[in-house]
$ cat entry.cif   # mmCIF, C-alpha atoms
data_structure
loop_
_atom_site.label_atom_id
_atom_site.label_comp_id
_atom_site.auth_asym_id
_atom_site.auth_seq_id
_atom_site.Cartn_x
_atom_site.Cartn_y
_atom_site.Cartn_z
CA MET A 23 -32.45 -23.88 51.94
CA LYS A 24 -31.44 -22.06 48.77
CA ALA A 25 -33.06 -22.74 45.39
CA ALA A 26 -33.11 -21.14 41.94
CA VAL A 27 -36.68 -19.92 41.40
CA PHE A 28 -38.04 -19.34 37.90
CA TYR A 29 -40.76 -16.74 37.41
CA GLU A 30 -40.99 -15.77 33.74
CA ALA A 31 -39.73 -17.04 30.38
CA HIS A 32 -36.37 -15.54 29.36
CA LYS A 33 -36.00 -13.87 32.77
CA PRO A 34 -33.11 -14.86 35.07
CA LEU A 35 -33.71 -17.42 37.79
CA ARG A 36 -33.46 -15.97 41.31
CA ILE A 37 -31.58 -17.62 44.16
CA GLU A 38 -34.03 -17.46 47.08
CA GLU A 39 -34.55 -18.99 50.53
CA LEU A 40 -37.17 -21.72 50.79
CA GLU A 41 -38.40 -23.90 53.58
CA MET A 42 -37.00 -27.42 53.74
CA PRO A 43 -39.04 -30.02 51.78
CA ALA A 44 -41.42 -32.30 53.64
CA VAL A 45 -40.33 -35.93 53.95
CA ASN A 46 -43.26 -38.35 53.90
CA ASP A 47 -43.16 -42.00 54.98
CA GLU A 48 -42.17 -43.22 51.50
CA ASP A 49 -39.80 -40.37 50.65
CA VAL A 50 -36.06 -39.87 50.59
CA LEU A 51 -34.58 -36.45 51.33
CA ILE A 52 -31.48 -35.86 49.20
CA LYS A 53 -28.80 -33.30 49.92
CA THR A 54 -28.07 -32.17 46.36
CA PHE A 55 -24.46 -32.39 45.25
CA ALA A 56 -24.95 -31.67 41.55
CA CYS A 57 -27.80 -31.12 39.13
CA GLY A 58 -27.33 -31.34 35.38
CA VAL A 59 -28.33 -28.38 33.24
CA CYS A 60 -30.39 -30.16 30.59
CA HIS A 61 -31.79 -28.90 27.29
CA THR A 62 -35.26 -29.63 28.66
CA ASP A 63 -34.64 -27.01 31.36
CA LEU A 64 -33.70 -24.57 28.60
CA LYS A 65 -36.95 -25.27 26.74
CA VAL A 66 -38.91 -24.37 29.87
CA PHE A 67 -36.76 -21.27 30.38
CA GLU A 68 -37.55 -20.18 26.82
CA GLY A 69 -41.28 -20.79 27.32
CA ARG A 70 -41.47 -23.72 24.90
CA ASN A 71 -42.65 -26.08 27.65
CA ARG A 72 -45.48 -25.10 29.97
CA PHE A 73 -44.76 -24.27 33.60
CA ASN A 74 -46.63 -22.92 36.60
CA PRO A 75 -44.64 -20.00 38.09
CA PRO A 76 -42.96 -19.57 40.42
CA THR A 77 -41.25 -22.91 39.90
CA ILE A 78 -37.93 -24.71 40.31
CA LEU A 79 -36.31 -26.39 37.31
CA GLY A 80 -33.65 -29.11 37.28
CA HIS A 81 -34.06 -32.88 37.27
CA GLU A 82 -30.64 -34.56 36.86
CA VAL A 83 -29.89 -34.78 40.58
CA SER A 84 -27.09 -36.54 42.42
CA GLY A 85 -26.41 -36.25 46.12
CA THR A 86 -26.41 -38.04 49.44
CA VAL A 87 -29.31 -39.31 51.51
CA GLU A 88 -30.08 -36.85 54.27
CA ARG A 89 -33.21 -38.44 55.74
CA VAL A 90 -35.33 -41.51 55.01
CA GLY A 91 -39.08 -41.91 55.44
CA SER A 92 -40.31 -44.52 57.91
CA ARG A 93 -41.47 -46.99 55.23
CA CYS A 94 -38.22 -47.14 53.25
CA ARG A 95 -35.54 -47.31 55.93
CA ASP A 96 -34.66 -50.83 54.79
CA LEU A 97 -33.87 -49.45 51.31
CA PHE A 98 -31.71 -46.40 52.00
CA HIS A 99 -29.47 -45.11 54.75
CA GLU A 100 -28.21 -41.64 55.60
CA GLY A 101 -25.07 -40.67 53.76
CA GLU A 102 -25.53 -43.05 50.80
CA PRO A 103 -24.74 -41.58 47.35
CA VAL A 104 -27.81 -41.59 45.08
CA ILE A 105 -29.30 -40.15 41.93
CA ILE A 106 -32.86 -39.35 40.94
CA GLY A 107 -33.49 -41.58 37.94
CA MET A 108 -37.26 -41.58 37.41
CA ARG A 109 -40.20 -39.20 37.23
CA TYR A 110 -43.27 -39.29 39.45
CA LYS A 111 -45.80 -42.01 38.60
CA CYS A 112 -49.34 -42.89 39.60
CA GLY A 113 -48.53 -46.61 40.00
CA ARG A 114 -52.06 -47.64 38.93
CA CYS A 115 -52.49 -46.98 35.22
CA ARG A 116 -52.00 -49.66 32.55
CA TYR A 117 -48.51 -48.34 31.75
CA CYS A 118 -47.26 -48.29 35.33
CA LEU A 119 -48.62 -51.80 35.87
CA ALA A 120 -46.73 -52.95 32.75
CA ALA A 121 -43.41 -51.46 34.02
CA ARG A 122 -43.73 -48.65 31.47
CA GLU A 123 -43.93 -45.91 34.08
CA ASN A 124 -42.21 -43.53 31.65
CA LEU A 125 -45.58 -43.43 29.86
CA CYS A 126 -47.69 -42.95 33.01
CA ALA A 127 -51.17 -41.74 32.03
CA ASP A 128 -51.96 -40.00 35.32
CA ARG A 129 -48.62 -38.63 36.48
CA PRO A 130 -48.99 -36.64 39.72
CA ALA A 131 -47.41 -33.24 40.15
CA PRO A 132 -44.54 -33.02 42.65
CA PRO A 133 -45.56 -31.57 46.02
CA ALA A 134 -45.01 -27.82 46.08
CA LEU A 135 -42.41 -26.10 48.24
CA ARG A 136 -42.75 -22.84 50.12
CA LYS A 137 -40.71 -19.69 50.38
CA THR A 138 -39.93 -18.50 53.89
CA ASP A 139 -42.84 -16.02 53.62
CA GLY A 140 -45.25 -18.87 52.85
CA THR A 141 -45.53 -18.32 49.08
CA PRO A 142 -45.98 -21.70 47.29
CA VAL A 143 -43.38 -22.67 44.71
CA THR A 144 -44.06 -25.49 42.23
CA ARG A 145 -41.46 -27.98 41.02
CA TRP A 146 -41.01 -28.61 37.30
CA ASN A 147 -40.26 -32.34 37.11
CA VAL A 148 -38.39 -32.75 40.42
CA GLY A 149 -37.10 -29.24 41.19
CA GLY A 150 -33.41 -30.14 41.30
CA PHE A 151 -31.94 -26.63 41.29
CA ALA A 152 -32.06 -26.61 45.08
CA GLU A 153 -29.91 -27.58 48.05
CA TYR A 154 -32.34 -30.34 49.06
CA VAL A 155 -34.84 -32.46 47.13
CA SER A 156 -37.43 -34.85 48.56
CA VAL A 157 -38.77 -37.58 46.25
CA PRO A 158 -40.41 -41.00 46.62
CA ALA A 159 -37.97 -43.85 47.14
CA TYR A 160 -38.94 -45.44 43.80
CA MET A 161 -37.34 -42.47 42.03
CA THR A 162 -34.03 -42.91 43.86
CA PHE A 163 -31.13 -45.16 42.84
CA LYS A 164 -27.91 -45.96 44.68
CA VAL A 165 -24.68 -44.94 42.99
CA PRO A 166 -21.81 -47.49 42.96
CA GLU A 167 -18.71 -46.24 44.75
CA GLU A 168 -16.75 -46.40 41.47
CA ILE A 169 -18.84 -43.51 40.04
CA GLY A 170 -18.31 -39.94 41.24
CA LEU A 171 -21.33 -37.88 42.21
CA ALA A 172 -20.60 -35.17 39.65
CA GLU A 173 -20.84 -37.45 36.63
CA ALA A 174 -23.56 -39.55 38.24
CA SER A 175 -26.02 -36.66 38.06
CA VAL A 176 -26.34 -36.72 34.25
CA ILE A 177 -27.09 -40.45 34.25
CA GLY A 178 -30.55 -39.67 35.61
CA CYS A 179 -31.82 -38.18 32.35
CA ARG A 180 -29.70 -37.59 29.27
CA VAL A 181 -27.65 -40.78 29.46
CA THR A 182 -30.54 -43.12 30.27
CA THR A 183 -32.90 -41.46 27.79
CA ALA A 184 -30.35 -42.09 25.02
CA TYR A 185 -30.08 -45.70 26.21
CA ASN A 186 -33.86 -46.15 25.99
CA ALA A 187 -33.84 -44.66 22.48
CA VAL A 188 -31.13 -46.94 21.14
CA LYS A 189 -31.97 -50.19 22.94
CA HIS A 190 -35.75 -50.26 23.28
CA VAL A 191 -37.26 -47.77 20.86
CA ALA A 192 -35.02 -48.20 17.80
CA GLU A 193 -34.30 -51.87 18.59
CA LEU A 194 -30.78 -51.58 17.23
CA ALA A 195 -29.24 -54.74 15.79
CA PRO A 196 -25.47 -55.28 15.45
CA GLY A 197 -24.28 -54.03 12.07
CA ASP A 198 -27.10 -51.51 11.61
CA SER A 199 -26.02 -48.24 10.06
CA ALA A 200 -26.96 -45.21 12.15
CA LEU A 201 -27.38 -41.46 11.89
CA VAL A 202 -27.55 -39.02 14.83
CA ILE A 203 -28.47 -35.37 14.24
CA GLY A 204 -27.53 -33.18 17.21
CA CYS A 205 -24.36 -33.78 19.21
CA GLY A 206 -25.34 -32.39 22.59
CA GLY A 207 -25.81 -34.48 25.71
CA ILE A 208 -28.51 -36.76 24.29
CA GLY A 209 -26.84 -37.16 20.90
CA LEU A 210 -23.37 -37.95 22.24
CA ASN A 211 -24.79 -40.58 24.56
CA ALA A 212 -26.82 -42.09 21.73
CA ILE A 213 -23.54 -42.35 19.82
CA GLN A 214 -21.87 -44.07 22.77
CA PHE A 215 -24.60 -46.70 22.98
CA LEU A 216 -24.68 -47.19 19.22
CA LYS A 217 -20.99 -48.01 19.38
CA CYS A 218 -21.49 -50.33 22.38
CA PHE A 219 -24.25 -52.25 20.61
CA GLY A 220 -22.38 -52.69 17.32
CA ALA A 221 -23.75 -50.09 14.89
CA TYR A 222 -21.67 -49.24 11.80
CA PRO A 223 -21.23 -46.75 10.34
CA ILE A 224 -22.29 -44.15 12.91
CA VAL A 225 -22.79 -40.77 11.23
CA ALA A 226 -22.99 -37.67 13.46
CA VAL A 227 -24.42 -34.36 12.23
CA ASP A 228 -24.18 -30.93 13.84
CA VAL A 229 -23.34 -27.33 12.90
CA ILE A 230 -20.65 -26.82 15.55
CA GLU A 231 -17.22 -28.30 14.78
CA LYS A 232 -16.30 -28.78 18.45
CA LYS A 233 -19.36 -30.97 18.92
CA LEU A 234 -18.48 -32.99 15.84
CA GLU A 235 -15.00 -33.55 17.25
CA ALA A 236 -16.61 -34.74 20.49
CA ALA A 237 -18.83 -37.08 18.47
CA LYS A 238 -15.71 -38.77 17.08
CA GLN A 239 -14.36 -39.13 20.62
CA PHE A 240 -17.53 -40.90 21.73
CA GLY A 241 -17.80 -43.29 18.80
CA ALA A 242 -18.94 -41.60 15.58
CA THR A 243 -17.20 -43.09 12.54
CA HIS A 244 -18.21 -40.22 10.23
CA THR A 245 -19.23 -36.60 10.83
CA LEU A 246 -21.08 -34.03 8.74
CA ASN A 247 -21.43 -30.29 9.27
CA ALA A 248 -24.96 -29.39 8.18
CA LYS A 249 -23.80 -25.84 7.41
CA ASN A 250 -21.64 -27.17 4.61
CA GLU A 251 -23.69 -29.97 3.06
CA ASP A 252 -27.18 -31.45 2.96
CA PRO A 253 -27.11 -34.21 5.62
CA VAL A 254 -29.94 -36.19 3.98
CA GLN A 255 -28.23 -36.54 0.61
CA ALA A 256 -24.82 -37.07 2.20
CA VAL A 257 -26.08 -39.87 4.46
CA LYS A 258 -27.96 -41.57 1.64
CA LYS A 259 -24.77 -41.59 -0.42
CA MET A 260 -22.66 -42.75 2.50
CA THR A 261 -25.01 -45.63 3.45
CA ASP A 262 -26.18 -46.68 -0.01
CA GLY A 263 -29.72 -45.39 0.24
CA GLY A 264 -30.23 -44.37 3.86
CA ALA A 265 -29.35 -45.41 7.40
CA ASP A 266 -31.06 -48.35 9.09
CA LYS A 267 -31.62 -46.41 12.33
CA THR A 268 -31.75 -42.61 12.55
CA PHE A 269 -32.00 -40.40 15.64
CA GLU A 270 -32.96 -36.76 16.15
CA ALA A 271 -31.51 -35.40 19.40
CA ILE A 272 -32.47 -31.71 19.30
CA GLY A 273 -36.25 -31.41 19.29
CA ASN A 274 -36.44 -29.41 16.06
CA PRO A 275 -39.10 -29.98 13.35
CA LYS A 276 -36.62 -29.49 10.48
CA THR A 277 -34.06 -31.99 11.77
CA SER A 278 -36.83 -34.41 12.74
CA ASP A 279 -37.99 -34.36 9.13
CA GLN A 280 -34.41 -34.83 7.97
CA ILE A 281 -33.91 -38.08 9.86
CA ILE A 282 -37.09 -39.48 8.32
CA GLN A 283 -35.90 -38.59 4.82
CA ALA A 284 -32.46 -40.11 5.56
CA THR A 285 -33.85 -43.49 6.73
CA ARG A 286 -33.62 -46.46 4.38
CA PRO A 287 -36.76 -48.43 3.41
CA GLY A 288 -37.81 -50.62 6.33
CA GLY A 289 -35.74 -48.57 8.77
CA VAL A 290 -36.64 -46.74 11.97
CA ALA A 291 -36.52 -42.97 12.57
CA THR A 292 -36.42 -42.15 16.29
CA ILE A 293 -37.16 -38.62 17.50
CA ILE A 294 -35.63 -38.22 20.96
CA GLY A 295 -35.86 -34.44 21.23
CA GLY A 296 -39.22 -33.19 22.44
CA LEU A 297 -41.23 -31.42 19.72
CA GLY A 298 -43.94 -30.11 22.03
CA SER A 299 -47.60 -29.89 21.03
CA GLY A 300 -47.21 -27.74 17.92
CA PRO A 301 -47.61 -28.93 14.31
CA PHE A 302 -44.93 -31.06 12.70
CA THR A 303 -44.68 -31.42 8.92
CA ILE A 304 -43.09 -34.36 7.09
CA SER A 305 -41.84 -33.00 3.77
CA ASN A 306 -42.12 -36.20 1.74
CA GLY A 307 -44.80 -38.84 2.14
CA SER A 308 -42.74 -41.62 0.58
CA PHE A 309 -41.99 -42.91 4.07
CA VAL A 310 -45.34 -44.70 3.80
CA THR A 311 -44.50 -46.91 0.83
CA LYS A 312 -40.93 -47.31 2.13
CA GLU A 313 -42.39 -48.73 5.36
CA ILE A 314 -40.27 -46.41 7.49
CA THR A 315 -41.28 -46.48 11.15
CA ILE A 316 -41.31 -43.18 13.05
CA LYS A 317 -41.00 -43.42 16.81
CA GLY A 318 -40.74 -41.11 19.80
CA VAL A 319 -38.96 -41.46 23.13
CA SER A 320 -40.20 -40.71 26.64
CA SER A 321 -37.40 -40.62 29.21
CA ARG A 322 -36.48 -44.11 30.49
CA ARG A 323 -37.60 -47.21 32.35
CA ALA A 324 -36.45 -48.14 35.85
CA ASN A 325 -34.33 -51.04 34.61
CA ASP A 326 -32.60 -48.69 32.18
CA VAL A 327 -31.17 -46.74 35.12
CA LEU A 328 -29.81 -49.88 36.76
CA GLU A 329 -28.33 -51.17 33.51
CA VAL A 330 -26.65 -47.86 32.66
CA LEU A 331 -25.19 -47.51 36.16
CA GLN A 332 -23.63 -50.95 35.66
CA MET A 333 -22.26 -49.98 32.24
CA VAL A 334 -20.68 -46.83 33.68
CA LYS A 335 -19.24 -48.83 36.58
CA ASP A 336 -17.75 -51.34 34.15
CA GLY A 337 -16.21 -48.59 32.01
CA ARG A 338 -18.25 -49.48 28.93
CA ILE A 339 -19.37 -45.87 28.52
CA ASP A 340 -17.76 -42.59 29.56
CA VAL A 341 -19.82 -39.98 31.38
CA LYS A 342 -17.03 -38.06 33.07
CA SER A 343 -15.67 -36.64 29.81
CA LEU A 344 -19.13 -35.42 28.84
CA ILE A 345 -19.12 -32.78 31.57
CA THR A 346 -17.30 -29.77 30.16
CA GLN A 347 -18.29 -27.17 32.75
CA ARG A 348 -19.25 -27.05 36.43
CA TYR A 349 -21.14 -24.05 37.76
CA GLY A 350 -21.70 -22.80 41.27
CA HIS A 351 -25.37 -22.60 42.18
CA ASP A 352 -25.20 -18.81 41.86
CA GLN A 353 -24.03 -19.21 38.23
CA ILE A 354 -27.15 -21.05 37.10
CA ASN A 355 -28.17 -18.32 34.65
CA GLN A 356 -24.74 -18.40 33.04
CA ALA A 357 -25.13 -22.17 32.68
CA LEU A 358 -28.43 -21.76 30.84
CA GLU A 359 -26.93 -19.08 28.59
CA ASP A 360 -23.95 -21.28 27.73
CA LEU A 361 -26.28 -24.17 26.96
CA GLU A 362 -28.43 -21.97 24.71
CA HIS A 363 -25.42 -20.83 22.68
CA GLY A 364 -23.93 -24.30 22.22
CA ARG A 365 -20.88 -23.76 24.44
CA LEU A 366 -21.33 -27.01 26.39
CA LEU A 367 -21.36 -30.72 25.83
CA MET A 368 -22.96 -31.16 29.25
CA GLY A 369 -22.92 -28.78 32.20
CA ILE A 370 -23.78 -29.33 35.84
CA SER A 371 -24.65 -26.98 38.68
CA MET A 372 -23.11 -27.59 42.10
CA TRP A 373 -25.32 -27.07 45.17
CA ASN A 374 -23.52 -28.46 48.22
#
$ encode --input "entry.cif" --output "structure tokens"
Amino acid sequence: MKAAVFYEAHKPLRIEELEMPAVNDEDVLIKTFACGVCHTDLKVFEGRNRFNPPTILGHEVSGTVERVGSRCRDLFHEGEPVIIGMRYKCGRCRYCLAARENLCADRPAPPALRKTDGTPVTRWNVGGFAEYVSVPAYMTFKVPEEIGLAEASVIGCRVTTAYNAVKHVAELAPGDSALVIGCGGIGLNAIQFLKCFGAYPIVAVDVIEKKLEAAKQFGATHTLNAKNEDPVQAVKKMTDGGADKTFEAIGNPKTSDQIIQATRPGGVATIIGGLGSGPFTISNGSFVTKEITIKGVSSRRANDVLEVLQMVKDGRIDVKSLITQRYGHDQINQALEDLEHGRLLMGISMWN
């Protein structure tokens, strides 16, 4: 099979031939239709997230079941449309046992693949930039026939992560005012869910006008271009002292600090974008006496995937319009470049 293999930060991925993945008794082999090109992939590409080269990126996978392991043939059948919606889990730690597998304390690494010459190739997350992916059945979710496989792919990460942030982490209440900084895939989906769950006003901040226009399309009631005005002061003025719930959807220390400063006393600042393991400075310590809660987000829970699939099926949120570009598998490097330069809302790579 073909896969995009990543060797070195900032160096193009190479389309190479690999052996087919092994399919164990509890696995499902998926023939990849599409794989989203996520900002997390870009962070690995830029060397901001650790990786073990050579490796395969990509984790927002949709496709059809090609083969089913002997212990899960009552769950899936060949030809069924599916997505990969979860990460690997140990199944034994306190978090897995509490249905918080997104916080698994002993997460196993995905089994490695091999090139045709026998060279091992690791998989970063699930290794979705490939024609076939084999994962445990617990990571696989059936796609309702009302949802196309192209748009279904992005549900597996960016859509469901935004859902987790709004519903569980921030604990949004109807009528809460909200701020979202960063109008890429995560941010636009956070805006969609904020609208669904009754937030008002919903203020979107970015530096690219096209993304701010998209934010209005997906539910933002107000937009701010951070190139033209200070978003903290503008939001405080707009919401009479700060927003109830604020969200950072980039993974940038400056904008993460900004959402904290723009949160009203007693509010919640939720950082969705990954900040990595480096230092993070909060510019003003008044969040302590204002009793502002700062929270992080780690992917999603299994029920989140099921609930979001139902919401998409019912037409409560729009994922199809989020996808602004489709790339052939041999255009994967162009996809990463376009993502880096802010040319996409969400892009997907097509593999079969």
$ closest_residue --input "entry.cif" --among "A:Ser278, A:Ile314, A:Asp340, A:Gly300" --to "Phe215 (chain A)" --atoms "all atoms listed in the file"
A:Asp340
$ resolve_selection --input "entry.cif" --expression "the PyMOL selection byres ((chain A and resi 33-38) around 8)" --output "number ranges by chain"
A: 24-32, 39-40, 67, 137, 352, 354-355
$ atom_distance --input "entry.cif" --atom1 "CA of Ala236 (chain A)" --atom2 "CA of Gly206 (chain A)"
9.3 Å
$ atom_distance --input "entry.cif" --atom1 "CA of Lys217 (chain A)" --atom2 "CA of Gly289 (chain A)"
18.2 Å
$ closest_residue --input "entry.cif" --among "A:Phe55, A:Phe302, A:Phe309, A:Phe98" --to "Ser175 (chain A)" --atoms "only C-alpha atoms"
A:Phe55
$ axis_aligned_box --input "entry.cif" --around "region 260-268 of chain A" --padding-each-side "5 Å" --output "lines of an AutoDock Vina configuration file"
center_x = -27.2
center_y = -45.5
center_z = 6.3
size_x = 19.1
size_y = 15.7
size_z = 22.6
$ resolve_selection --input "entry.cif" --expression "the PyMOL selection byres ((chain A and resi 186-197) around 7)" --output "list in words"
Thr182, Thr183, Ala184, Tyr185, Asp198, Ser199, Ala212, Phe215, Leu216, Phe219, Gly220, Ala221, Tyr222, Lys267, Val290, Thr292, Ile294, Val319, Arg322 and Asp326 of chain A
$ residues_around --input "entry.cif" --residues "Glu173 (chain A)" --least-positions-apart "5" --cutoff "8 Å" --atoms "only C-alpha atoms" --output "VMD selection string"
chain A and resid 341 to 342 345
$ write_last_selection --input "entry.cif" --atoms "C-alpha atoms" --output "compact mmCIF listing (two decimals), keeping the file's coordinate frame"
# COMPACT_ATOMS: atom_id res chain seq x y z
CA VAL A 341 -19.82 -39.98 31.38
CA LYS A 342 -17.03 -38.06 33.07
CA ILE A 345 -19.12 -32.78 31.57
$ resolve_selection --input "entry.cif" --expression "the PyMOL selection byres ((chain A and resi 112) around 7)" --output "ChimeraX atom specification"
/A:111,113-115,126,128-130
$ write_last_selection --input "entry.cif" --atoms "C-alpha atoms" --output "PDB file, in the coordinates of the input"
ATOM      1  CA  LYS A 111     -45.800 -42.010  38.600  1.00  0.00           C
ATOM      2  CA  GLY A 113     -48.530 -46.610  40.000  1.00  0.00           C
ATOM      3  CA  ARG A 114     -52.060 -47.640  38.930  1.00  0.00           C
ATOM      4  CA  CYS A 115     -52.490 -46.980  35.220  1.00  0.00           C
ATOM      5  CA  CYS A 126     -47.690 -42.950  33.010  1.00  0.00           C
ATOM      6  CA  ASP A 128     -51.960 -40.000  35.320  1.00  0.00           C
ATOM      7  CA  ARG A 129     -48.620 -38.630  36.480  1.00  0.00           C
ATOM      8  CA  PRO A 130     -48.990 -36.640  39.720  1.00  0.00           C
TER       9      PRO A 130
END
$ closest_residue --input "entry.cif" --among "A:Gly69, A:Pro287, A:Pro158, A:Gly80" --to "Leu51 (chain A)" --atoms "only C-alpha atoms"
A:Pro158
$ residues_near_point --input "entry.cif" --point "(-36.5, -44.7, 44.6)" --cutoff "8 Å" --atoms "only C-alpha atoms" --output "list in words"
Val50, Ile106, Gly107, Met108, Val157, Pro158, Ala159, Tyr160, Met161, Thr162 and Phe163 of chain A
$ residues_around --input "entry.cif" --residues "Thr243 (chain A)" --least-positions-apart "5" --cutoff "7 Å" --atoms "only C-alpha atoms" --output "JSON, numbers by chain"
{"A": [223, 224, 225, 238]}
$ atom_distance --input "entry.cif" --atom1 "CA of Lys317 (chain A)" --atom2 "CA of Ala271 (chain A)"
12.7 Å
$ residues_around --input "entry.cif" --residues "region 360-369 of chain A" --least-positions-apart "4" --cutoff "8 Å" --atoms "only C-alpha atoms" --output "list in words"
Gly58, Val59, Cys60, His61, Leu64, Cys205, Gly206, Gly207, Ile230, Lys233, Leu344, Ile345, Thr346, Gln347, Arg348, Tyr349 and Gln356 of chain A
$ closest_residue --input "entry.cif" --among "A:Gly263, A:Gly149, A:Gly209, A:Gly91" --to "Tyr110 (chain A)" --atoms "all atoms listed in the file"
A:Gly149
$ closest_residue --input "entry.cif" --among "A:Ser305, A:Thr277, A:Gln214, A:Thr54" --to "Val229 (chain A)" --atoms "all atoms listed in the file"
A:Thr277
$ closest_residue --input "entry.cif" --among "A:Leu234, A:Val83, A:Val66, A:Val227" --to "Val202 (chain A)" --atoms "only C-alpha atoms"
A:Val227
$ residues_near_point --input "entry.cif" --point "(-19.7, -38.1, 39.1)" --cutoff "12 Å" --atoms "all atoms listed in the file" --output "VMD selection string"
chain A and resid 55 to 58 82 to 85 103 to 105 165 to 178 331 334 to 335 340 to 345 348 370 372
$ decode --input "entry.cif" --residues "region 41-55 of chain A" --atoms "N, CA and C atoms" --output "mmCIF file, in the first residue's frame"
data_model
loop_
_atom_site.group_PDB
_atom_site.id
_atom_site.type_symbol
_atom_site.label_atom_id
_atom_site.label_comp_id
_atom_site.auth_asym_id
_atom_site.auth_seq_id
_atom_site.Cartn_x
_atom_site.Cartn_y
_atom_site.Cartn_z
ATOM 1 N N GLU A 41 4.190 -2.425 3.484
ATOM 2 C CA GLU A 41 3.430 -3.666 3.582
ATOM 3 C C GLU A 41 2.057 -3.376 4.188
ATOM 4 N N MET A 42 1.091 -4.213 3.897
ATOM 5 C CA MET A 42 -0.240 -4.053 4.469
ATOM 6 C C MET A 42 -0.186 -4.204 5.991
ATOM 7 N N PRO A 43 -1.022 -3.460 6.735
ATOM 8 C CA PRO A 43 -1.020 -3.585 8.199
ATOM 9 C C PRO A 43 -1.517 -4.961 8.636
ATOM 10 N N ALA A 44 -1.018 -5.404 9.777
ATOM 11 C CA ALA A 44 -1.531 -6.635 10.385
ATOM 12 C C ALA A 44 -2.928 -6.372 10.943
ATOM 13 N N VAL A 45 -3.760 -7.400 10.942
ATOM 14 C CA VAL A 45 -5.111 -7.298 11.491
ATOM 15 C C VAL A 45 -5.241 -8.355 12.580
ATOM 16 N N ASN A 46 -5.195 -7.922 13.831
ATOM 17 C CA ASN A 46 -5.314 -8.847 14.951
ATOM 18 C C ASN A 46 -6.776 -9.179 15.235
ATOM 19 N N ASP A 47 -7.007 -10.071 16.191
ATOM 20 C CA ASP A 47 -8.365 -10.569 16.450
ATOM 21 C C ASP A 47 -9.352 -9.464 16.807
ATOM 22 N N GLU A 48 -8.871 -8.386 17.449
ATOM 23 C CA GLU A 48 -9.765 -7.322 17.890
ATOM 24 C C GLU A 48 -9.636 -6.059 17.037
ATOM 25 N N ASP A 49 -9.084 -6.209 15.852
ATOM 26 C CA ASP A 49 -8.837 -5.067 14.966
ATOM 27 C C ASP A 49 -9.843 -4.983 13.828
ATOM 28 N N VAL A 50 -9.900 -3.788 13.258
ATOM 29 C CA VAL A 50 -10.653 -3.542 12.030
ATOM 30 C C VAL A 50 -9.693 -2.922 11.022
ATOM 31 N N LEU A 51 -9.622 -3.497 9.828
ATOM 32 C CA LEU A 51 -8.813 -2.929 8.753
ATOM 33 C C LEU A 51 -9.704 -2.012 7.934
ATOM 34 N N ILE A 52 -9.293 -0.755 7.823
ATOM 35 C CA ILE A 52 -10.075 0.257 7.112
ATOM 36 C C ILE A 52 -9.369 0.636 5.817
ATOM 37 N N LYS A 53 -10.120 0.608 4.730
ATOM 38 C CA LYS A 53 -9.638 1.143 3.463
ATOM 39 C C LYS A 53 -9.914 2.634 3.479
ATOM 40 N N THR A 54 -8.847 3.438 3.601
ATOM 41 C CA THR A 54 -8.992 4.873 3.811
ATOM 42 C C THR A 54 -9.621 5.550 2.604
ATOM 43 N N PHE A 55 -10.683 6.304 2.855
ATOM 44 C CA PHE A 55 -11.258 7.153 1.813
ATOM 45 C C PHE A 55 -10.669 8.558 1.920
#
